[in-house]
Structures are given as C-alpha cells and as structure tokens.
>>> print(open('upload04.csv').read())   # CSV, C-alpha atoms
chain,number,residue,atom,x,y,z
A,4,MET,CA,-7.3,-3.5,17.8
A,5,SER,CA,-10.3,-2.6,15.6
A,6,GLN,CA,-10.5,-3.6,12.0
A,7,ALA,CA,-10.5,0.0,10.9
A,8,MET,CA,-7.1,0.5,12.7
A,9,GLU,CA,-5.7,-2.6,11.1
A,10,LEU,CA,-6.4,-1.3,7.6
A,11,SER,CA,-3.4,0.2,5.8
A,12,GLY,CA,-4.0,3.1,3.4
A,13,VAL,CA,-3.1,2.7,-0.2
A,14,VAL,CA,-3.6,4.7,-3.4
A,15,ILE,CA,-3.8,3.4,-6.9
A,16,GLY,CA,-2.4,4.9,-10.1
A,17,VAL,CA,-3.7,3.9,-13.5
A,18,ASP,CA,-2.0,4.8,-16.8
A,19,VAL,CA,-4.4,4.1,-19.6
A,20,GLY,CA,-2.6,3.7,-23.0
A,21,GLY,CA,-4.0,2.9,-26.4
A,22,THR,CA,-2.9,-0.8,-26.2
A,23,LYS,CA,-1.8,-1.3,-22.6
A,24,THR,CA,-3.1,-0.2,-19.2
A,25,HIS,CA,-0.5,-0.1,-16.3
A,26,ALA,CA,-1.9,0.1,-12.8
A,27,ALA,CA,-0.1,0.0,-9.5
A,28,SER,CA,-0.9,0.4,-5.8
A,29,PHE,CA,1.3,2.5,-3.5
A,30,ASP,CA,1.6,2.9,0.2
A,31,GLU,CA,1.5,6.2,2.0
A,32,ASP,CA,5.2,6.8,1.2
A,33,PHE,CA,4.6,6.1,-2.5
A,34,ASN,CA,6.4,2.8,-2.5
A,35,VAL,CA,4.9,0.3,-5.0
A,36,ILE,CA,3.0,-2.5,-3.3
A,37,SER,CA,1.8,-4.3,-6.4
A,38,ASP,CA,1.3,-3.6,-10.1
A,39,LEU,CA,-0.6,-5.0,-13.0
A,40,LYS,CA,-0.4,-4.6,-16.8
A,41,VAL,CA,-3.4,-5.6,-18.9
A,42,SER,CA,-4.6,-5.0,-22.4
A,43,THR,CA,-6.7,-1.8,-22.7
A,44,LEU,CA,-10.3,-2.2,-23.7
A,45,THR,CA,-10.9,0.3,-26.5
A,46,GLY,CA,-14.6,-0.3,-27.3
A,47,GLY,CA,-15.9,3.1,-26.3
A,48,VAL,CA,-17.2,4.8,-23.1
A,49,ASP,CA,-18.7,1.8,-21.4
A,50,GLN,CA,-16.0,-0.7,-22.2
A,51,VAL,CA,-13.2,1.6,-21.2
A,52,GLY,CA,-14.9,2.5,-18.0
A,53,GLU,CA,-15.5,-1.1,-17.1
A,54,GLY,CA,-11.9,-2.0,-17.9
A,55,ILE,CA,-10.5,0.7,-15.6
A,56,ILE,CA,-12.9,-0.3,-12.8
A,57,ASP,CA,-12.0,-4.0,-13.2
A,58,THR,CA,-8.3,-3.3,-13.2
A,59,ILE,CA,-8.6,-1.3,-9.9
A,60,ALA,CA,-10.7,-4.0,-8.3
A,61,THR,CA,-8.1,-6.6,-9.2
A,62,LEU,CA,-5.3,-4.6,-7.5
A,63,GLN,CA,-7.3,-4.1,-4.3
A,64,SER,CA,-6.3,-6.5,-1.5
A,65,GLU,CA,-7.9,-7.4,1.8
A,66,GLY,CA,-6.5,-5.6,4.8
A,67,GLN,CA,-5.9,-2.5,2.7
A,68,GLN,CA,-8.0,0.6,2.7
A,69,LEU,CA,-8.2,2.3,-0.7
A,70,LYS,CA,-7.7,6.0,-0.1
A,71,GLY,CA,-7.9,7.3,-3.6
A,72,VAL,CA,-7.3,6.6,-7.3
A,73,GLY,CA,-5.5,8.7,-9.9
A,74,ILE,CA,-5.9,8.0,-13.6
A,75,GLY,CA,-4.0,9.3,-16.6
A,76,LEU,CA,-5.9,9.1,-19.9
A,77,PRO,CA,-5.3,10.2,-23.5
A,78,GLY,CA,-7.8,12.6,-25.0
A,79,ILE,CA,-9.2,15.9,-23.8
A,80,VAL,CA,-9.6,15.6,-20.0
A,81,ASP,CA,-11.8,17.8,-18.0
A,82,GLY,CA,-10.4,17.4,-14.5
A,83,SER,CA,-13.2,19.4,-12.7
A,84,ALA,CA,-15.9,17.4,-14.4
A,85,GLY,CA,-14.0,14.1,-14.1
A,86,SER,CA,-14.5,13.2,-17.7
A,87,VAL,CA,-12.6,12.6,-20.9
A,88,ARG,CA,-13.6,13.1,-24.6
A,89,HIS,CA,-12.0,12.6,-27.9
A,90,ALA,CA,-9.7,9.8,-26.9
A,91,PHE,CA,-10.0,8.3,-30.3
A,92,ASN,CA,-7.6,5.4,-29.8
A,93,LEU,CA,-9.9,4.3,-27.0
A,94,GLY,CA,-13.0,4.6,-29.1
A,95,ILE,CA,-14.2,7.7,-27.2
A,96,GLY,CA,-15.5,10.6,-29.3
A,97,ASP,CA,-17.9,13.4,-28.5
A,98,ASP,CA,-19.7,11.4,-25.8
A,99,ALA,CA,-17.7,11.8,-22.6
A,100,LEU,CA,-16.6,9.1,-20.3
A,101,ASP,CA,-17.5,10.3,-16.8
A,102,ILE,CA,-15.0,8.0,-15.1
A,103,VAL,CA,-14.8,9.9,-11.8
A,104,SER,CA,-18.6,9.6,-11.2
A,105,ARG,CA,-18.5,5.9,-12.2
A,106,LEU,CA,-15.6,5.1,-9.8
A,107,LYS,CA,-17.3,6.9,-6.9
A,108,ALA,CA,-20.5,5.0,-7.6
A,109,THR,CA,-18.8,1.6,-8.0
A,110,LEU,CA,-15.8,1.7,-5.7
A,111,ARG,CA,-16.9,4.5,-3.4
A,112,VAL,CA,-13.5,6.2,-3.4
A,113,PRO,CA,-12.3,9.6,-4.4
A,114,CYS,CA,-10.7,9.8,-7.8
A,115,TRP,CA,-8.7,12.3,-9.8
A,116,ILE,CA,-7.9,12.3,-13.5
A,117,ALA,CA,-5.5,14.1,-15.9
A,118,ASN,CA,-4.3,13.9,-19.5
A,119,ASP,CA,-1.8,11.0,-19.8
A,120,VAL,CA,1.1,13.3,-20.7
A,121,ASP,CA,0.3,15.7,-17.8
A,122,ALA,CA,0.3,12.7,-15.5
A,123,ALA,CA,3.6,11.5,-16.9
A,124,ALA,CA,5.0,15.0,-16.3
A,125,LEU,CA,4.0,14.8,-12.7
A,126,GLY,CA,5.6,11.4,-12.4
A,127,VAL,CA,8.9,12.8,-13.8
A,128,TYR,CA,8.6,15.6,-11.3
A,129,GLU,CA,8.0,13.2,-8.4
A,130,ILE,CA,11.1,11.2,-9.3
A,131,LEU,CA,13.5,14.1,-10.0
A,132,ARG,CA,12.6,16.0,-6.9
A,133,ARG,CA,13.8,13.1,-4.7
A,134,ASP,CA,17.3,14.2,-5.6
A,135,ASP,CA,16.6,17.8,-6.2
A,136,CYS,CA,14.2,19.1,-3.5
A,137,GLY,CA,14.5,22.6,-5.0
A,138,LEU,CA,13.0,21.6,-8.3
A,139,ARG,CA,9.8,23.5,-9.0
A,140,ASP,CA,9.2,23.6,-12.7
A,141,LEU,CA,9.7,21.3,-15.7
A,142,ALA,CA,8.2,20.4,-19.0
A,143,TYR,CA,7.9,16.8,-20.2
A,144,LEU,CA,8.1,16.6,-24.0
A,145,ASN,CA,6.5,13.3,-25.2
A,146,ILE,CA,7.5,12.2,-28.7
A,147,GLY,CA,5.5,9.2,-29.6
A,148,THR,CA,2.4,8.4,-31.6
A,149,GLY,CA,1.7,12.1,-31.0
A,150,VAL,CA,3.8,15.0,-29.8
A,151,SER,CA,2.7,17.0,-26.7
A,152,ALA,CA,4.1,18.4,-23.5
A,153,GLY,CA,3.1,18.3,-19.9
A,154,VAL,CA,4.0,21.4,-17.9
A,155,ILE,CA,4.7,21.5,-14.2
A,156,LEU,CA,4.8,25.0,-12.6
A,157,ASP,CA,5.6,25.4,-9.0
A,158,GLY,CA,5.1,21.7,-8.4
A,159,ARG,CA,1.7,21.5,-10.0
A,160,ILE,CA,0.3,20.5,-13.4
A,161,TYR,CA,-0.4,23.6,-15.5
A,162,ARG,CA,-3.5,22.8,-17.7
A,163,GLY,CA,-4.5,26.3,-18.9
A,164,GLN,CA,-8.0,27.7,-19.2
A,165,ASN,CA,-9.4,24.8,-21.3
A,166,GLY,CA,-6.9,22.0,-20.7
A,167,PHE,CA,-4.9,22.6,-23.9
A,168,ALA,CA,-1.7,23.8,-22.3
A,169,GLY,CA,1.3,21.9,-23.7
A,170,GLU,CA,-0.4,20.7,-26.8
A,171,ILE,CA,2.5,21.8,-28.9
A,172,GLY,CA,2.1,18.9,-31.3
A,173,HIS,CA,-0.3,21.3,-33.2
A,174,LEU,CA,2.2,24.1,-33.5
A,175,LEU,CA,2.5,24.9,-37.2
A,176,ALA,CA,6.0,23.6,-38.0
A,177,ASP,CA,5.9,23.4,-41.9
A,178,PRO,CA,3.3,25.2,-43.9
A,179,ASP,CA,4.1,22.9,-46.8
A,180,GLY,CA,4.0,19.7,-44.7
A,181,PRO,CA,1.5,16.9,-44.6
A,182,GLN,CA,-2.0,17.3,-43.2
A,183,CYS,CA,-2.3,16.6,-39.5
A,184,ALA,CA,-5.1,14.5,-37.9
A,185,CYS,CA,-6.4,17.8,-36.4
A,186,GLY,CA,-7.2,19.1,-39.8
A,187,LEU,CA,-4.4,21.7,-40.1
A,188,GLN,CA,-1.4,21.2,-42.4
A,189,GLY,CA,2.2,20.9,-41.3
A,190,CYS,CA,1.7,20.5,-37.5
A,191,LEU,CA,4.7,19.4,-35.5
A,192,GLU,CA,3.0,16.1,-34.9
A,193,ALA,CA,2.6,15.6,-38.6
A,194,VAL,CA,6.3,15.9,-39.2
A,195,ALA,CA,8.1,14.7,-36.1
A,196,SER,CA,6.0,12.1,-34.3
A,197,GLY,CA,6.7,8.3,-34.6
A,198,PRO,CA,4.1,7.7,-37.3
A,199,ALA,CA,5.4,10.7,-39.2
A,200,LEU,CA,9.0,9.5,-39.1
A,201,ALA,CA,8.0,6.0,-40.2
A,202,ARG,CA,6.0,7.3,-43.1
A,203,GLN,CA,9.1,9.1,-44.4
A,204,TRP,CA,11.3,6.0,-44.2
A,205,LEU,CA,10.3,3.8,-47.1
A,206,PRO,CA,13.4,1.9,-48.1
A,207,SER,CA,11.5,-1.0,-49.7
A,208,GLY,CA,8.4,0.7,-50.9
A,209,ARG,CA,6.4,0.1,-47.8
A,210,HIS,CA,6.1,1.6,-44.3
A,211,SER,CA,8.9,0.8,-42.0
A,212,SER,CA,9.4,1.1,-38.3
A,213,VAL,CA,11.0,4.0,-36.4
A,214,GLU,CA,13.5,1.4,-35.1
A,215,ALA,CA,14.6,0.8,-38.7
A,216,LEU,CA,15.0,4.5,-39.3
A,217,PHE,CA,17.2,5.1,-36.3
A,218,ALA,CA,19.2,2.0,-37.1
A,219,ALA,CA,19.9,3.3,-40.6
A,220,ALA,CA,20.7,6.7,-39.3
A,221,GLY,CA,23.2,5.1,-36.9
A,222,ARG,CA,24.9,3.4,-39.8
A,223,GLY,CA,25.2,6.7,-41.6
A,224,ASP,CA,22.5,6.2,-44.2
A,225,ASP,CA,22.0,9.6,-46.0
A,226,LYS,CA,18.3,9.4,-46.4
A,227,ALA,CA,17.7,8.3,-42.8
A,228,THR,CA,20.1,11.0,-41.5
A,229,LEU,CA,18.2,13.7,-43.5
A,230,ILE,CA,14.8,12.6,-42.1
A,231,LEU,CA,16.1,12.6,-38.6
A,232,ARG,CA,17.8,16.0,-39.1
A,233,ARG,CA,14.6,17.6,-40.3
A,234,ALA,CA,12.6,16.2,-37.4
A,235,VAL,CA,15.2,17.4,-34.9
A,236,GLU,CA,15.1,20.9,-36.4
A,237,HIS,CA,11.3,21.0,-35.8
A,238,LEU,CA,11.7,19.5,-32.3
A,239,THR,CA,14.5,22.0,-31.3
A,240,ARG,CA,12.2,24.8,-32.2
A,241,ALA,CA,9.5,23.3,-30.0
A,242,ILE,CA,12.0,23.0,-27.1
A,243,HIS,CA,12.9,26.7,-27.7
A,244,THR,CA,9.3,27.6,-27.6
A,245,LEU,CA,8.7,25.8,-24.3
A,246,ALA,CA,11.7,27.4,-22.7
A,247,LEU,CA,10.7,30.9,-23.8
A,248,THR,CA,7.1,30.4,-22.9
A,249,PHE,CA,7.5,28.9,-19.4
A,250,ASP,CA,11.2,29.5,-18.5
A,251,ILE,CA,11.3,26.0,-16.8
A,252,ASP,CA,14.2,24.5,-14.9
A,253,ARG,CA,14.3,21.3,-17.1
A,254,ILE,CA,12.9,19.9,-20.3
A,255,VAL,CA,12.6,16.1,-20.1
A,256,ILE,CA,12.4,14.1,-23.3
A,257,GLY,CA,10.3,10.9,-23.4
A,258,GLY,CA,7.9,8.8,-25.4
A,259,GLY,CA,8.2,5.9,-27.8
A,260,VAL,CA,10.5,7.7,-30.2
A,261,ALA,CA,12.8,8.7,-27.4
A,262,ASP,CA,12.8,5.2,-26.1
A,263,VAL,CA,13.9,3.8,-29.5
A,264,GLY,CA,16.3,6.6,-30.4
A,265,THR,CA,17.7,7.3,-26.9
A,266,SER,CA,21.3,8.4,-27.3
A,267,LEU,CA,21.1,9.2,-31.0
A,268,LEU,CA,18.1,11.4,-30.6
A,269,MET,CA,19.4,13.2,-27.5
A,270,ASP,CA,22.8,13.8,-29.1
A,271,ALA,CA,21.0,15.2,-32.2
A,272,LEU,CA,18.8,17.4,-30.1
A,273,ARG,CA,21.7,18.8,-28.2
A,274,GLN,CA,23.6,19.5,-31.4
A,275,GLY,CA,20.5,21.2,-32.9
A,276,LEU,CA,20.0,23.4,-29.8
A,277,ARG,CA,23.7,24.4,-29.9
A,278,ARG,CA,23.3,25.3,-33.6
A,279,LEU,CA,20.3,27.4,-32.7
A,280,GLN,CA,22.1,29.1,-29.8
A,281,SER,CA,25.2,29.9,-31.9
A,282,ARG,CA,23.2,32.3,-34.0
A,283,SER,CA,21.8,34.3,-31.1
A,284,PRO,CA,23.3,35.6,-27.8
A,285,TYR,CA,19.8,35.9,-26.5
A,286,THR,CA,19.1,32.2,-27.2
A,287,ARG,CA,22.5,31.2,-26.0
A,288,ALA,CA,21.6,32.6,-22.6
A,289,LEU,CA,18.8,30.0,-22.3
A,290,ASN,CA,21.5,27.3,-22.2
A,291,LEU,CA,19.0,24.8,-23.7
A,292,ALA,CA,21.4,22.0,-24.6
A,293,ASP,CA,22.2,21.6,-20.8
A,294,ARG,CA,18.6,21.9,-19.7
A,295,ILE,CA,17.3,18.9,-21.6
A,296,MET,CA,17.5,15.3,-20.3
A,297,LEU,CA,16.1,11.9,-21.0
A,298,LYS,CA,13.1,10.6,-19.1
A,299,PRO,CA,14.0,8.6,-16.0
A,300,PRO,CA,13.6,4.8,-16.5
A,301,GLU,CA,10.8,4.4,-14.0
A,302,PRO,CA,7.2,4.1,-15.2
A,303,VAL,CA,6.4,7.8,-15.0
A,304,GLY,CA,2.8,7.5,-16.2
A,305,VAL,CA,1.6,5.3,-13.4
A,306,ILE,CA,3.7,7.1,-10.7
A,307,GLY,CA,2.2,10.5,-11.9
A,308,ALA,CA,-1.3,9.1,-11.9
A,309,ALA,CA,-0.9,8.0,-8.3
A,310,ALA,CA,0.6,11.3,-7.4
A,311,LEU,CA,-2.6,13.0,-8.6
A,312,THR,CA,-4.2,11.8,-5.3
A,313,ARG,CA,-1.6,13.8,-3.3
A,314,TRP,CA,-1.5,17.0,-5.2
A,315,SER,CA,-5.2,17.2,-6.1
A,316,ARG,CA,-6.2,16.9,-2.4
A,317,SER,CA,-4.0,19.8,-1.4
A,318,GLU,CA,-5.5,22.2,-4.0
>>> encode(input="upload04.csv", output="structure tokens")
Amino acid sequence: MSQAMELSGVVIGVDVGGTKTHAASFDEDFNVISDLKVSTLTGGVDQVGEGIIDTIATLQSEGQQLKGVGIGLPGIVDGSAGSVRHAFNLGIGDDALDIVSRLKATLRVPCWIANDVDAAALGVYEILRRDDCGLRDLAYLNIGTGVSAGVILDGRIYRGQNGFAGEIGHLLADPDGPQCACGLQGCLEAVASGPALARQWLPSGRHSSVEALFAAAGRGDDKATLILRRAVEHLTRAIHTLALTFDIDRIVIGGGVADVGTSLLMDALRQGLRRLQSRSPYTRALNLADRIMLKPPEPVGVIGAAALTRWSRSE
C-alpha cells in the first residue's frame, strides 16, 4: 500500500480567544482525535499569526494528512479575503492579519475563517442537528465580554453584506446609559455584557465579579436582583428583535455570563419573555419563551471552526 493511501484525512478547528486558544483535530466523521489548549499570543498581527500556526503544527501527527483548517477569531473578519481586523484583545487594529495566506504559505493547506461567535453558532448547529435533522435555522446569542449573535440560516452562517450581521451588542438599548466602546451611548453591550454587569455591582466600593452578582441575586439581594432584572429586560428585547428579524427555529444562549448564571439567567429570560408576550397577542404567537435554550456543554467554538472546512467547501 502506498504512503498516500495509508494517510488518514483530518481537519483542524481553532477557536482563538482573548486569553486562551482551543484547537482540536477531527477525523472525516468529525470525531475528536486530539485537542490542545494554549495561552493566546496577543502581541499583534505577527505574534497572533505565529501562535495559530504553531498550535496547528503541534496538533499535526505523522500518518495523518491535513485536509483543511477552520479558525474562529474575534474582530471584524473578512472571510473572502481571509483576514481579520480590529481584534483589539489580540492587539490587532487597522492592520489586517492575513491568516489564510500565511497558513497556505506555511502549512500549504486550505483554510477558512469566521468571526468567533459565527463559528460558535455553526458549532451549536452541528451539535443540535445530530438529534434534529430537520433543524435549518438558529441564532446563537453570546453574552460575555461583549454581546453578539451568530445567525445560521438554511444551515449556513449568515454574515450580511459587510460581515456585521448579528452584531446586536450595538443596538441602542438605553439612550441614557453608559458609553459603549464603539463610541455610542447606551448600547446593549454597555448595559448587559459581563463587564457591564460587574461595573454595576459594587457592594464594597470596588468592582466585583459577575459570579458575585449572580450569587447575591440568588440570595435575594435587592440591588443584585434589580441589576439582573434591568439586564434581562434589555436582553429579552434583543431576543425579540432576533426572532422578528430572522424568524429562526431556536435561539441558543451562551457565553461567559450564561455559563456563570445558567439556571438563574435562563429562568429570568423566560419570565421576561413571558411578560413581554403577555402584552401582545402578536408577540405571544412567537412563543419566544419556548424557543430559547442554553448552549450545549460541548466546546462549540472549536467544533464550529472545524465545521467551516465542510460548509465552506460546499459553497
């Protein structure tokens, strides 16, 4: 048997976060072969690019033919150009990281990239459709350091004309709210993200964690309960907007805030959606409280990144 016939085909998915990078290799049936978690290099274009390439090289094994690489990255991703800009937590600004061309030149394999939340949405879709083969559409609402949504329509990531589809963190939620990092005032991200919640919870005169806020709300603390209720009101309106805009089958809630709050947050969101529905037969017909669910426990970011190699090749 020739060496070429002995080689098994694998794909690699890479989920690049602000502090941690998770990469995994998958066989042709998308079963995990091996995975690796390393600290993300955040020193700008060259360092981030080198870190991704080194991580992929570490995962490669002899006797395995690398068929392709999918990468999920924060920032403004241009999938057609294979580049990312304005990933500020990685040290990337106006100068683009042309990661696809770097990978092709170094590893000589095809590569596809997507925004990290879009990749996570695709990962959620891949997991859920194992049990529901009729699933076609969903939105993944990520509530973490920022707030954004990845939208899957007819089984594919919907990016929009310029890649901004799903960036609902910059919906204007409160005209009198705090300034957002984008420059506008009162964006959803400025009032309902993890850092926004932590800034509002100052029981001892200094910033506290989101965990402490949820713990206090769980104990019935009035101030913590009020902060959470206000955030939930903003988030329920965002869910309402997603449902009306795309009429998706499911809205999946994930991200760092959801990981911490879990049942308390989901219960509050369902109650908020029911309150919203109670005032409008039209909104009640959307059945939003029954269309939201918590993110599956699997690492959706790296699964979705690997799945980019399948879906992108079929486009």
>>> residues_around(input="upload04.csv", residues="range 239-242 of chain A", least_positions_apart="2", cutoff="9 Å", atoms="only C-alpha atoms", output="PyMOL selection string")
chain A and resi 144+171-172+174+176+191+234-237+244-247+254+272-273+275-276+279+291+295
>>> residues_around(input="upload04.csv", residues="Thr58 in chain A", least_positions_apart="6", cutoff="12 Å", atoms="only C-alpha atoms", output="mmCIF file with C-alpha atoms, in the coordinates of the input")
data_model
loop_
_atom_site.group_PDB
_atom_site.id
_atom_site.type_symbol
_atom_site.label_atom_id
_atom_site.label_comp_id
_atom_site.auth_asym_id
_atom_site.auth_seq_id
_atom_site.Cartn_x
_atom_site.Cartn_y
_atom_site.Cartn_z
ATOM 1 C CA ILE A 15 -3.800 3.400 -6.900
ATOM 2 C CA GLY A 16 -2.400 4.900 -10.100
ATOM 3 C CA VAL A 17 -3.700 3.900 -13.500
ATOM 4 C CA ASP A 18 -2.000 4.800 -16.800
ATOM 5 C CA VAL A 19 -4.400 4.100 -19.600
ATOM 6 C CA LYS A 23 -1.800 -1.300 -22.600
ATOM 7 C CA THR A 24 -3.100 -0.200 -19.200
ATOM 8 C CA HIS A 25 -0.500 -0.100 -16.300
ATOM 9 C CA ALA A 26 -1.900 0.100 -12.800
ATOM 10 C CA ALA A 27 -0.100 0.000 -9.500
ATOM 11 C CA SER A 28 -0.900 0.400 -5.800
ATOM 12 C CA ASP A 38 1.300 -3.600 -10.100
ATOM 13 C CA LEU A 39 -0.600 -5.000 -13.000
ATOM 14 C CA LYS A 40 -0.400 -4.600 -16.800
ATOM 15 C CA VAL A 41 -3.400 -5.600 -18.900
ATOM 16 C CA SER A 42 -4.600 -5.000 -22.400
ATOM 17 C CA THR A 43 -6.700 -1.800 -22.700
ATOM 18 C CA LEU A 44 -10.300 -2.200 -23.700
ATOM 19 C CA VAL A 51 -13.200 1.600 -21.200
ATOM 20 C CA GLY A 52 -14.900 2.500 -18.000
ATOM 21 C CA VAL A 72 -7.300 6.600 -7.300
ATOM 22 C CA ILE A 74 -5.900 8.000 -13.600
ATOM 23 C CA LEU A 106 -15.600 5.100 -9.800
ATOM 24 C CA LEU A 110 -15.800 1.700 -5.700
#
>>> closest_residue(input="upload04.csv", among="A:Asn34, A:Asn145, A:Gln67, A:Gln274", to="Arg232 in chain A", atoms="all atoms listed in the file")
A:Gln274
>>> closest_residue(input="upload04.csv", among="A:Asp224, A:Glu214, A:Asp250, A:Asp101", to="Ile116 in chain A", atoms="all atoms listed in the file")
A:Asp101
>>> atom_distance(input="upload04.csv", atom1="CA of Asp157 in chain A", atom2="CA of Asp252 in chain A")
10.5 Å
>>> closest_residue(input="upload04.csv", among="A:Cys185, A:Ile160, A:Ala292, A:Ile56", to="Arg105 in chain A", atoms="all atoms listed in the file")
A:Ile56
>>> residues_around(input="upload04.csv", residues="Gly94 in chain A", least_positions_apart="4", cutoff="9 Å", atoms="only C-alpha atoms", output="ChimeraX atom specification")
/A:45-48,51,89-90
>>> write_last_selection(input="upload04.csv", atoms="C-alpha atoms", output="JSON list (two decimals), keeping the file's coordinate frame")
[["chain", "number", "residue", "atom", "x", "y", "z"],
["A", 45, "THR", "CA", -10.90, 0.30, -26.50],
["A", 46, "GLY", "CA", -14.60, -0.30, -27.30],
["A", 47, "GLY", "CA", -15.90, 3.10, -26.30],
["A", 48, "VAL", "CA", -17.20, 4.80, -23.10],
["A", 51, "VAL", "CA", -13.20, 1.60, -21.20],
["A", 89, "HIS", "CA", -12.00, 12.60, -27.90],
["A", 90, "ALA", "CA", -9.70, 9.80, -26.90]]
>>> closest_residue(input="upload04.csv", among="A:Gly20, A:Gly158, A:Pro113, A:Gly75", to="Phe91 in chain A", atoms="all atoms listed in the file")
A:Gly20
>>> atom_distance(input="upload04.csv", atom1="CA of Lys70 in chain A", atom2="CA of Ile102 in chain A")
16.8 Å
>>> atom_distance(input="upload04.csv", atom1="CA of Ser151 in chain A", atom2="CA of Glu170 in chain A")
4.8 Å
>>> residues_around(input="upload04.csv", residues="range 218-220 of chain A", least_positions_apart="5", cutoff="10 Å", atoms="all atoms listed in the file", output="short mmCIF file (atom, residue, chain, number, x, y, z; two decimals) with C-alpha atoms, in the coordinates of the input")
data_model
loop_
_atom_site.label_atom_id
_atom_site.label_comp_id
_atom_site.auth_asym_id
_atom_site.auth_seq_id
_atom_site.Cartn_x
_atom_site.Cartn_y
_atom_site.Cartn_z
CA TRP A 204 11.30 6.00 -44.20
CA SER A 212 9.40 1.10 -38.30
CA VAL A 213 11.00 4.00 -36.40
CA ASP A 225 22.00 9.60 -46.00
CA LYS A 226 18.30 9.40 -46.40
CA ALA A 227 17.70 8.30 -42.80
CA THR A 228 20.10 11.00 -41.50
CA LEU A 229 18.20 13.70 -43.50
CA ILE A 230 14.80 12.60 -42.10
CA LEU A 231 16.10 12.60 -38.60
CA ARG A 232 17.80 16.00 -39.10
CA VAL A 263 13.90 3.80 -29.50
CA GLY A 264 16.30 6.60 -30.40
CA LEU A 267 21.10 9.20 -31.00
#
